[in-house]
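To start, the structure itself, in structure tokens.
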Amino acid sequence: MVYRKDWGQPQPGVQGFLRTAKVYGRKVNIATTDLGSGGVVGMFKLPPFFLVLGSFGKVDALAASGLTFNIGDPGSATRYLSASTAGVGGGTLNTLAATGLAYPVYTETEVQMAVQAAAVTPAAGILEYYLWGTIFA
Amino acid sequence: MAYRKDWPQPQAGNQGFARTMKVYGRSVNVSTTDLATINNVVGCFMVPGGFVLTNLLTTVVPDLDTGATLTISLGDAATPNRLLSASNVGQAGGNMPALATTGFLYRFPADTEIIMTATAAAAGGIAAAVPIYLQGFIGP
């Protein structure tokens with residue numbers, strides 16, 4: 001059997017958005033009932049084959065004291081942010097946890113905020129959070 | 001009246017550039033006249049509506065003043081110090097300061113001109129190109 005290569009370059013390339021930096025996230029409305037111990041809020045979804053490279057965020061004052069929360073996914077509740085106290089008094093959330101840096105998301109995945117320690121005097125507010133990265137495959 | 005949903009998912013999604021990280025800006029040519037009088041304003045460039053700002057790139061700002069009186073702000077017509085407020089970085093030159101908290105995650109509601117304002121005049125203005133770059137993404 002003889003093989004003969006008939007096709008020439010270029011063939012169709014990868015998808016156009018490959019390796020383009022994208023930012024996923026939104027302003028999430030947090031209710032006082034979300035801020036009890038064990039409370040979990042689904043925030044947004046990441047697409048498959050998304051490589052997480054950084055985060056941006058800020059949060060309103062959601063409690064007078066006590067509150068710590070995590071941001072992660074069903075596989076790891078603390079993947080992107082662990083035990084943040086920024087919800088007490090409000091603040092920014094720009095430091096990505098080491099476990100989130102260069103983390104490859106292989107399937108469509110919900111990002112969640114999970115309360116680790118309940119709020120004392122909870123207050124409704126906005127948690128604005130974004131993950132940036134690139135589509136890697 | 002009855003309602004019947006006829007359309008299936010998926011519908012057309014966002015525009016292709018939605019959530020794509022972008023950098024807007026340029027080296028802005030600043031003249032001595034721009035620096036000579038308090039509240040002189042230079043129109044720098046436009047950012048598109050829907051742009052969500054995340055940071056001001058750490059470029060190197062040149063020396064813009066032979067003396068030590070110049071302060072500059074960066075912002076827009078509605079809030080001239082939204083991005084940077086009365087910075088003295090141009091007195092001797094140096095790294096562009098961090099974005100002001102009022103600019104962090106600010107979503108420009110419409111096409112907006114970024115302006116630089118001399119909030120205090122230079123003692124002796126120096127003409128130079130000032131690299132100003134805003135990083136962010138096109139919001140949902």
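Every chain in the structure tokens has a letter given in the order shown (A, B, ...), and although residue numbers restart at 1 in each chain, ligands are simply numbered from 1 in the order shown.
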
query = For chain A against chain B, which residues fall within 9 Å using only C-alpha atoms, given as a list in words?
reply = Phe17, Thr20, Ala21, Lys22, Val23, Tyr24, Gly25, Arg26, Phe56, Gly57, Lys58, Glu128 and Trp132 of chain A

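Every protein, DNA or RNA residue with an atom at most 10 Å from Ala102 in chain A, where only C-alpha atoms count and chain neighbours fewer than 4 positions away do not, is listed here: Phe50, Leu51, Val52, Leu53, Gly54, Ala98, Gly133 and Thr134 of chain A.
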
Keeping only C-alpha atoms, write the selected residues to a file as a PDB file, in the first residue's frame.
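So again.pdb came out as:
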ATOM      1  CA  PHE A  50     -10.280  27.317  31.025  1.00  0.00           C
ATOM      2  CA  LEU A  51      -6.900  27.916  32.670  1.00  0.00           C
ATOM      3  CA  VAL A  52      -7.259  30.206  35.693  1.00  0.00           C
ATOM      4  CA  LEU A  53      -4.507  32.816  35.943  1.00  0.00           C
ATOM      5  CA  GLY A  54      -5.800  35.510  38.288  1.00  0.00           C
ATOM      6  CA  ALA A  98      -1.959  29.190  45.117  1.00  0.00           C
ATOM      7  CA  GLY A 133      -7.457  33.200  32.367  1.00  0.00           C
ATOM      8  CA  THR A 134      -7.334  31.642  28.957  1.00  0.00           C
TER       9      THR A 134
END

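Atom pair CA of Pro62 in chain B / CA of Ser31 in chain B has a distance of 12.5 Å (rounded to one decimal).
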
Give me, as an mmCIF file with N, CA, C and O atoms, in the first residue's frame, the residues of chain B that a backbone DSSP run labels strand (DSSP E or B).
data_model
loop_
_atom_site.group_PDB
_atom_site.id
_atom_site.type_symbol
_atom_site.label_atom_id
_atom_site.label_comp_id
_atom_site.auth_asym_id
_atom_site.auth_seq_id
_atom_site.Cartn_x
_atom_site.Cartn_y
_atom_site.Cartn_z
ATOM 1 N N THR B 20 -13.496 39.434 27.008
ATOM 2 C CA THR B 20 -12.110 39.361 26.560
ATOM 3 C C THR B 20 -11.315 40.483 27.205
ATOM 4 O O THR B 20 -11.760 41.626 27.237
ATOM 5 N N MET B 21 -10.141 40.144 27.718
ATOM 6 C CA MET B 21 -9.315 41.153 28.353
ATOM 7 C C MET B 21 -8.737 42.087 27.289
ATOM 8 O O MET B 21 -8.305 41.632 26.222
ATOM 9 N N LYS B 22 -8.761 43.359 27.565
ATOM 10 C CA LYS B 22 -8.294 44.366 26.617
ATOM 11 C C LYS B 22 -7.435 45.392 27.342
ATOM 12 O O LYS B 22 -7.581 45.604 28.541
ATOM 13 N N VAL B 23 -6.579 46.039 26.573
ATOM 14 C CA VAL B 23 -5.775 47.145 27.101
ATOM 15 C C VAL B 23 -5.975 48.341 26.184
ATOM 16 O O VAL B 23 -5.739 48.235 24.971
ATOM 17 N N TYR B 24 -6.431 49.426 26.749
ATOM 18 C CA TYR B 24 -6.620 50.656 25.977
ATOM 19 C C TYR B 24 -5.620 51.703 26.456
ATOM 20 O O TYR B 24 -5.314 51.777 27.647
ATOM 21 N N GLY B 25 -5.160 52.515 25.530
ATOM 22 C CA GLY B 25 -4.274 53.595 25.910
ATOM 23 C C GLY B 25 -3.253 53.872 24.836
ATOM 24 O O GLY B 25 -3.287 53.289 23.748
ATOM 25 N N ARG B 26 -2.346 54.766 25.161
ATOM 26 C CA ARG B 26 -1.311 55.171 24.215
ATOM 27 C C ARG B 26 -0.302 56.042 24.954
ATOM 28 O O ARG B 26 -0.514 56.394 26.129
ATOM 29 N N SER B 27 0.771 56.372 24.260
ATOM 30 C CA SER B 27 1.683 57.374 24.784
ATOM 31 C C SER B 27 1.100 58.738 24.440
ATOM 32 O O SER B 27 0.966 59.086 23.259
ATOM 33 N N VAL B 28 0.754 59.466 25.453
ATOM 34 C CA VAL B 28 0.062 60.740 25.272
ATOM 35 C C VAL B 28 1.100 61.859 25.226
ATOM 36 O O VAL B 28 1.927 61.987 26.147
ATOM 37 N N ASN B 29 1.070 62.639 24.165
ATOM 38 C CA ASN B 29 2.025 63.733 24.007
ATOM 39 C C ASN B 29 1.586 64.921 24.856
ATOM 40 O O ASN B 29 0.552 65.539 24.576
ATOM 41 N N VAL B 30 2.348 65.208 25.886
ATOM 42 C CA VAL B 30 2.012 66.296 26.804
ATOM 43 C C VAL B 30 2.938 67.475 26.503
ATOM 44 O O VAL B 30 4.167 67.302 26.440
ATOM 45 N N VAL B 41 -6.490 70.549 30.749
ATOM 46 C CA VAL B 41 -6.931 69.168 30.517
ATOM 47 C C VAL B 41 -6.432 68.691 29.163
ATOM 48 O O VAL B 41 -6.502 69.422 28.174
ATOM 49 N N VAL B 42 -5.944 67.448 29.137
ATOM 50 C CA VAL B 42 -5.553 66.802 27.882
ATOM 51 C C VAL B 42 -6.465 65.600 27.657
ATOM 52 O O VAL B 42 -6.568 64.719 28.520
ATOM 53 N N GLY B 43 -7.133 65.567 26.521
ATOM 54 C CA GLY B 43 -7.893 64.379 26.132
ATOM 55 C C GLY B 43 -6.920 63.317 25.667
ATOM 56 O O GLY B 43 -6.116 63.562 24.758
ATOM 57 N N CYS B 44 -6.965 62.145 26.283
ATOM 58 C CA CYS B 44 -5.912 61.135 26.046
ATOM 59 C C CYS B 44 -6.340 60.088 25.019
ATOM 60 O O CYS B 44 -5.637 59.825 24.062
ATOM 61 N N PHE B 45 -7.479 59.451 25.257
ATOM 62 C CA PHE B 45 -7.990 58.413 24.357
ATOM 63 C C PHE B 45 -9.391 58.039 24.824
ATOM 64 O O PHE B 45 -9.841 58.508 25.872
ATOM 65 N N MET B 46 -10.035 57.182 24.047
ATOM 66 C CA MET B 46 -11.388 56.753 24.393
ATOM 67 C C MET B 46 -11.358 55.301 24.873
ATOM 68 O O MET B 46 -10.553 54.493 24.405
ATOM 69 N N VAL B 47 -12.254 54.983 25.787
ATOM 70 C CA VAL B 47 -12.521 53.574 26.117
ATOM 71 C C VAL B 47 -13.971 53.293 25.750
ATOM 72 O O VAL B 47 -14.821 54.191 25.802
ATOM 73 N N PHE B 51 -16.673 48.695 29.136
ATOM 74 C CA PHE B 51 -15.320 48.307 29.575
ATOM 75 C C PHE B 51 -15.262 48.350 31.099
ATOM 76 O O PHE B 51 -15.621 49.346 31.716
ATOM 77 N N VAL B 52 -14.807 47.260 31.704
ATOM 78 C CA VAL B 52 -14.655 47.173 33.159
ATOM 79 C C VAL B 52 -13.169 47.261 33.478
ATOM 80 O O VAL B 52 -12.377 46.435 33.024
ATOM 81 N N LEU B 53 -12.797 48.256 34.245
ATOM 82 C CA LEU B 53 -11.391 48.560 34.494
ATOM 83 C C LEU B 53 -10.860 47.722 35.651
ATOM 84 O O LEU B 53 -11.491 47.637 36.714
ATOM 85 N N THR B 54 -9.683 47.114 35.457
ATOM 86 C CA THR B 54 -9.075 46.343 36.543
ATOM 87 C C THR B 54 -7.766 46.950 37.035
ATOM 88 O O THR B 54 -7.444 46.831 38.211
ATOM 89 N N ASN B 55 -6.976 47.546 36.156
ATOM 90 C CA ASN B 55 -5.748 48.173 36.655
ATOM 91 C C ASN B 55 -5.144 49.137 35.642
ATOM 92 O O ASN B 55 -5.521 49.147 34.462
ATOM 93 N N LEU B 56 -4.251 49.925 36.172
ATOM 94 C CA LEU B 56 -3.495 50.910 35.406
ATOM 95 C C LEU B 56 -2.099 50.317 35.253
ATOM 96 O O LEU B 56 -1.435 50.040 36.260
ATOM 97 N N VAL B 60 6.364 53.731 32.927
ATOM 98 C CA VAL B 60 7.275 54.719 33.521
ATOM 99 C C VAL B 60 6.856 56.108 33.042
ATOM 100 O O VAL B 60 6.840 56.397 31.843
ATOM 101 N N VAL B 61 6.500 56.932 33.996
ATOM 102 C CA VAL B 61 6.096 58.306 33.704
ATOM 103 C C VAL B 61 7.362 59.169 33.673
ATOM 104 O O VAL B 61 8.155 59.129 34.623
ATOM 105 N N ASP B 65 8.376 68.091 35.137
ATOM 106 C CA ASP B 65 8.476 69.372 35.839
ATOM 107 C C ASP B 65 9.920 69.587 36.305
ATOM 108 O O ASP B 65 10.474 68.731 37.006
ATOM 109 N N THR B 71 1.081 68.331 39.990
ATOM 110 C CA THR B 71 0.317 67.120 40.297
ATOM 111 C C THR B 71 -0.661 66.891 39.151
ATOM 112 O O THR B 71 -1.168 67.849 38.541
ATOM 113 N N ILE B 72 -0.906 65.621 38.860
ATOM 114 C CA ILE B 72 -1.816 65.276 37.761
ATOM 115 C C ILE B 72 -2.854 64.267 38.243
ATOM 116 O O ILE B 72 -2.593 63.452 39.129
ATOM 117 N N SER B 73 -4.021 64.359 37.617
ATOM 118 C CA SER B 73 -5.080 63.381 37.854
ATOM 119 C C SER B 73 -5.466 62.747 36.533
ATOM 120 O O SER B 73 -5.323 63.366 35.470
ATOM 121 N N LEU B 74 -5.973 61.525 36.606
ATOM 122 C CA LEU B 74 -6.507 60.831 35.437
ATOM 123 C C LEU B 74 -7.929 60.423 35.738
ATOM 124 O O LEU B 74 -8.242 59.938 36.832
ATOM 125 N N GLY B 75 -8.788 60.601 34.757
ATOM 126 C CA GLY B 75 -10.184 60.229 34.950
ATOM 127 C C GLY B 75 -10.974 60.518 33.713
ATOM 128 O O GLY B 75 -10.481 60.380 32.586
ATOM 129 N N LEU B 84 -6.716 58.240 38.973
ATOM 130 C CA LEU B 84 -5.504 58.684 39.677
ATOM 131 C C LEU B 84 -5.791 60.085 40.189
ATOM 132 O O LEU B 84 -6.267 60.934 39.441
ATOM 133 N N SER B 85 -5.491 60.324 41.466
ATOM 134 C CA SER B 85 -5.881 61.592 42.074
ATOM 135 C C SER B 85 -4.666 62.392 42.520
ATOM 136 O O SER B 85 -3.911 61.954 43.408
ATOM 137 N N ALA B 86 -4.442 63.537 41.873
ATOM 138 C CA ALA B 86 -3.418 64.504 42.287
ATOM 139 C C ALA B 86 -2.081 63.845 42.599
ATOM 140 O O ALA B 86 -1.489 64.070 43.651
ATOM 141 N N SER B 87 -1.595 63.059 41.651
ATOM 142 C CA SER B 87 -0.320 62.369 41.850
ATOM 143 C C SER B 87 0.844 63.310 41.556
ATOM 144 O O SER B 87 0.797 64.101 40.611
ATOM 145 N N GLY B 94 8.754 58.535 37.346
ATOM 146 C CA GLY B 94 8.728 57.298 38.141
ATOM 147 C C GLY B 94 7.649 56.379 37.640
ATOM 148 O O GLY B 94 7.018 56.639 36.600
ATOM 149 N N ASN B 95 7.426 55.315 38.379
ATOM 150 C CA ASN B 95 6.409 54.349 37.968
ATOM 151 C C ASN B 95 5.004 54.923 38.129
ATOM 152 O O ASN B 95 4.722 55.634 39.095
ATOM 153 N N ARG B 107 -17.269 50.217 35.671
ATOM 154 C CA ARG B 107 -17.762 49.873 34.335
ATOM 155 C C ARG B 107 -18.164 51.164 33.626
ATOM 156 O O ARG B 107 -19.087 51.853 34.084
ATOM 157 N N THR B 112 -16.179 56.653 26.460
ATOM 158 C CA THR B 112 -15.758 57.701 27.394
ATOM 159 C C THR B 112 -14.334 58.143 27.083
ATOM 160 O O THR B 112 -13.449 57.305 26.885
ATOM 161 N N GLU B 113 -14.137 59.455 27.078
ATOM 162 C CA GLU B 113 -12.794 59.986 26.888
ATOM 163 C C GLU B 113 -12.042 59.997 28.221
ATOM 164 O O GLU B 113 -12.571 60.487 29.226
ATOM 165 N N ILE B 114 -10.836 59.460 28.216
ATOM 166 C CA ILE B 114 -9.970 59.520 29.394
ATOM 167 C C ILE B 114 -9.198 60.843 29.319
ATOM 168 O O ILE B 114 -8.641 61.191 28.272
ATOM 169 N N ILE B 115 -9.182 61.573 30.408
ATOM 170 C CA ILE B 115 -8.531 62.882 30.425
ATOM 171 C C ILE B 115 -7.467 62.937 31.517
ATOM 172 O O ILE B 115 -7.568 62.265 32.543
ATOM 173 N N MET B 116 -6.451 63.754 31.245
ATOM 174 C CA MET B 116 -5.425 64.048 32.245
ATOM 175 C C MET B 116 -5.558 65.510 32.631
ATOM 176 O O MET B 116 -5.625 66.375 31.750
ATOM 177 N N THR B 117 -5.595 65.793 33.908
ATOM 178 C CA THR B 117 -5.772 67.151 34.397
ATOM 179 C C THR B 117 -4.564 67.565 35.233
ATOM 180 O O THR B 117 -4.107 66.786 36.084
ATOM 181 N N ALA B 118 -4.073 68.772 34.977
ATOM 182 C CA ALA B 118 -3.014 69.322 35.839
ATOM 183 C C ALA B 118 -3.703 69.904 37.066
ATOM 184 O O ALA B 118 -4.256 71.004 37.022
ATOM 185 N N THR B 119 -3.691 69.152 38.159
ATOM 186 C CA THR B 119 -4.380 69.605 39.378
ATOM 187 C C THR B 119 -3.544 70.628 40.147
ATOM 188 O O THR B 119 -4.062 71.336 41.007
ATOM 189 N N ALA B 120 -2.262 70.662 39.858
ATOM 190 C CA ALA B 120 -1.397 71.778 40.291
ATOM 191 C C ALA B 120 -0.398 71.992 39.167
ATOM 192 O O ALA B 120 0.153 71.024 38.625
ATOM 193 N N GLY B 125 7.369 73.299 33.159
ATOM 194 C CA GLY B 125 6.868 72.117 32.456
ATOM 195 C C GLY B 125 7.880 71.567 31.462
ATOM 196 O O GLY B 125 8.652 72.318 30.850
ATOM 197 N N ALA B 128 6.733 65.887 27.101
ATOM 198 C CA ALA B 128 7.144 64.469 27.052
ATOM 199 C C ALA B 128 5.941 63.619 26.683
ATOM 200 O O ALA B 128 4.793 64.066 26.756
ATOM 201 N N ALA B 129 6.227 62.387 26.291
ATOM 202 C CA ALA B 129 5.168 61.409 26.023
ATOM 203 C C ALA B 129 4.931 60.589 27.285
ATOM 204 O O ALA B 129 5.866 60.010 27.836
ATOM 205 N N VAL B 130 3.676 60.567 27.725
ATOM 206 C CA VAL B 130 3.323 59.850 28.956
ATOM 207 C C VAL B 130 2.558 58.583 28.580
ATOM 208 O O VAL B 130 1.455 58.669 28.032
ATOM 209 N N PRO B 131 3.124 57.411 28.849
ATOM 210 C CA PRO B 131 2.417 56.170 28.507
ATOM 211 C C PRO B 131 1.320 55.860 29.521
ATOM 212 O O PRO B 131 1.604 55.645 30.693
ATOM 213 N N ILE B 132 0.087 55.863 29.036
ATOM 214 C CA ILE B 132 -1.067 55.619 29.916
ATOM 215 C C ILE B 132 -1.846 54.454 29.317
ATOM 216 O O ILE B 132 -2.366 54.554 28.195
ATOM 217 N N TYR B 133 -1.933 53.345 30.054
ATOM 218 C CA TYR B 133 -2.618 52.156 29.551
ATOM 219 C C TYR B 133 -3.556 51.603 30.624
ATOM 220 O O TYR B 133 -3.134 51.380 31.764
ATOM 221 N N LEU B 134 -4.789 51.391 30.236
ATOM 222 C CA LEU B 134 -5.794 50.848 31.137
ATOM 223 C C LEU B 134 -6.078 49.397 30.751
ATOM 224 O O LEU B 134 -6.377 49.113 29.590
ATOM 225 N N GLN B 135 -6.010 48.499 31.739
ATOM 226 C CA GLN B 135 -6.308 47.098 31.487
ATOM 227 C C GLN B 135 -7.658 46.749 32.091
ATOM 228 O O GLN B 135 -8.021 47.245 33.146
ATOM 229 N N GLY B 136 -8.366 45.902 31.403
ATOM 230 C CA GLY B 136 -9.676 45.486 31.898
ATOM 231 C C GLY B 136 -10.308 44.528 30.925
ATOM 232 O O GLY B 136 -9.601 43.834 30.181
ATOM 233 N N PHE B 137 -11.622 44.472 30.927
ATOM 234 C CA PHE B 137 -12.304 43.533 30.030
ATOM 235 C C PHE B 137 -13.645 44.116 29.615
ATOM 236 O O PHE B 137 -14.157 45.032 30.268
ATOM 237 N N ILE B 138 -14.159 43.580 28.547
ATOM 238 C CA ILE B 138 -15.464 44.004 28.078
ATOM 239 C C ILE B 138 -16.516 43.239 28.865
ATOM 240 O O ILE B 138 -16.567 42.011 28.810
#
